[in-house]
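Written out below as C-alpha cells is the structure these notes cover.
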Amino acid sequence: MNDQRPEPRPSEQPGPARPAGGADILASDAEREAVVSRLNSACGEGRLTLEEFSDRLERSYTARTRGELEPLLRDLPVGTEEKAEAAARPSHGRGRTDWHVTPLGGLRRSGRWRMRDHLLSVTLIGGVDLDLREAQLDAPEVTLTSVSVIGGVSLTVPPGVSVVTEGFSLLGGRSIDVDEVAGDDAPTLRVRAYSVLGGLRVASSRPYDGFRAARASRREALADARAQRGAALGEARTQRRSALAEARSERRDALRDARQARRDARRERRGGR
C-alpha cells in the first residue's frame with residue numbers, strides 16, 4: 001500500500017505574487033506592490049476589463065491585511081499555470097490593427113469590447129467616442145490614432161489607466177482630466193489625434209476621490225512608519241550610547257579599583273619587611 005501523497009498540480013502551487021499566510025496578518029507595502037504588478041499584467045493580458053482592473057487597484061491600495069489582498073488575485077493564474085497558458089496562447093492576435101475608414105460618420109464604441117494593439121480611425125467628418133470601462137486590452141500598451149478633417153476624440157477611462165496624448169488640432173481644445181496614480185507598468189493608452197477642427201477630451205469614468213484618499217492614506221501610513229522607525233532608531237542609538245558610556249564608566253572604575261588594590265598590596269609587602 002503506497003502511503004506517499006501525490007505531488008500538487010502546477011495550478012495548486014502558490015505563486016510569488018499571491019499573498020500567503022494568515023488572513024489577519026497586516027499586509028506589507030511589498031505585498032501590495034506585488035498585487036498591483038500582477039493586476040497590471042492581467043489587464044495587459046486581456047483577463048480584466050479596465051473597470052475591473054480599476055476596482056481591484058483601488059482595493060489593493062486600501063487593503064490592510066493579507067486577507068483583503070488575496071481575493072484580488074484568486075481568479076488569476078500564477079506560477080507554472082500562467083507560464084503554460086502563455087505558451088499555449090496563440091500569438092497571431094498580437095500586433096493587429098483595427099481600421100475604421102469612412103468619409104462621413106465617426107467611430108463609437110462602448111460596453112464590452114476588445115481593443116487591439118492599434119485602433120486607427122480615418123474620416124473626413126466624424127469623431128471618435130470610446131468608452132473603455134468594459135474594454136479589454138490586447139497588450140499592456142495600446143494606441144488610438146484618429147485622423148479627421150472635422151471631428152474630435154472623446155474618451156472615457158477608469159482610474160488607474162495611464163493616458164499619453166500626442167498630435168495636434170488647428171481649431172479645437174484639449175481637456176485631459178485623468179489622475180497621475182498609475183504606475184510605470186500600468187496599462188497605457190496612447191492617443192494620437194490629428195484634425196483641422198476637433199478637440200480632444202479624456203475624462204475619468206468616476207471620481208478619483210477614492211484613489212486620492214487611498215493614496216493619501218498610504219502616504220500618511222508610510223510617513224508614520226518612517227517616523228516610528230526613525231524614533232526607534234534614535235532611541236536605540238541613545239540606549240546604545242548610554243550602555244557604552246556605562247560600560248566605559250564601569251571599566252574605568254574596575255581599572256581604578258585594580259590599581260588601588262595593587263598599591264595596597266605593595267604597601268603591605270613593604271610594611272611586612
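Identifiers in the C-alpha cells: chain A, B, ... in order shown; residue index from 1 per chain; ligand index from 1 in order shown.
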
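Looking only at region 188-258 of chain A, the set that DSSP places in strand (DSSP E or B) from backbone geometry is Thr188, Leu189, Arg190, Val191, Arg192, Ala193, Tyr194, Ser195, Val196, Leu197, Leu200, Arg201, Val202, Ala203 and Ser204 of chain A.
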
| message | Neighbouring residues of Ser169 (chain A) were defined as those with any atom within 8 Å, considering only C-alpha atoms; residues of the same chain fewer than 6 positions away were excluded. Please report them as an MDAnalysis selection string. | response | chainID A and resid 193:199

Compile the contact shell of Gly111 (chain A) as a compact mmCIF listing (two decimals) with all heavy atoms, in the first residue's frame: residues with an atom at most 9 Å away, counting only C-alpha atoms, same-chain residues fewer than 3 positions apart removed.
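Result file is result_19.txt:
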```txt
# COMPACT_ATOMS: atom_id res chain seq x y z
N ASP A 131 -15.82 54.48 -24.94
CA ASP A 131 -16.00 54.24 -23.52
C ASP A 131 -15.22 52.96 -23.19
O ASP A 131 -15.60 51.87 -23.61
CB ASP A 131 -17.48 54.08 -23.19
CG ASP A 131 -17.73 53.95 -21.69
OD1 ASP A 131 -16.77 53.67 -20.95
OD2 ASP A 131 -18.89 54.11 -21.27
N LEU A 132 -14.14 53.09 -22.43
CA LEU A 132 -13.25 51.96 -22.19
C LEU A 132 -13.48 51.29 -20.85
O LEU A 132 -12.66 50.50 -20.41
CB LEU A 132 -11.78 52.41 -22.29
CG LEU A 132 -11.28 52.68 -23.70
CD1 LEU A 132 -11.50 54.11 -24.09
CD2 LEU A 132 -9.81 52.32 -23.84
N ARG A 133 -14.59 51.57 -20.19
CA ARG A 133 -14.80 50.98 -18.87
C ARG A 133 -14.86 49.46 -18.92
O ARG A 133 -14.28 48.78 -18.06
CB ARG A 133 -16.10 51.53 -18.25
CG ARG A 133 -15.96 52.93 -17.68
CD ARG A 133 -17.26 53.45 -17.18
NE ARG A 133 -18.21 53.70 -18.27
CZ ARG A 133 -19.41 54.21 -18.09
NH1 ARG A 133 -19.83 54.50 -16.87
NH2 ARG A 133 -20.21 54.44 -19.12
N GLU A 134 -15.55 48.92 -19.92
CA GLU A 134 -15.67 47.46 -20.02
C GLU A 134 -14.78 46.90 -21.12
O GLU A 134 -14.93 45.74 -21.52
CB GLU A 134 -17.13 47.08 -20.28
CG GLU A 134 -18.07 47.47 -19.16
CD GLU A 134 -19.48 46.98 -19.42
OE1 GLU A 134 -19.66 45.78 -19.69
OE2 GLU A 134 -20.41 47.82 -19.36
N ALA A 135 -13.85 47.69 -21.62
CA ALA A 135 -12.97 47.23 -22.69
C ALA A 135 -11.87 46.34 -22.13
O ALA A 135 -11.43 46.50 -20.99
CB ALA A 135 -12.36 48.42 -23.42
```

Handout entry: Exercise: Leu72 (chain A) partners within 10 Å, only C-alpha atoms, chain neighbours under 6 positions left out, as a list in words
Key = Arg18, Pro19, Val35, Val36, Arg38, Leu39, Phe53, Asp55, Arg56, Leu57, Arg59 and Ser60 of chain A

- Item | Option closest in space to Val101 (chain A), from A:Ala227, A:Ser148, A:Leu73, A:Val78 [counting only C-alpha atoms] |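 With only C-alpha atoms as the atom set, the closest residue is A:Ser148.
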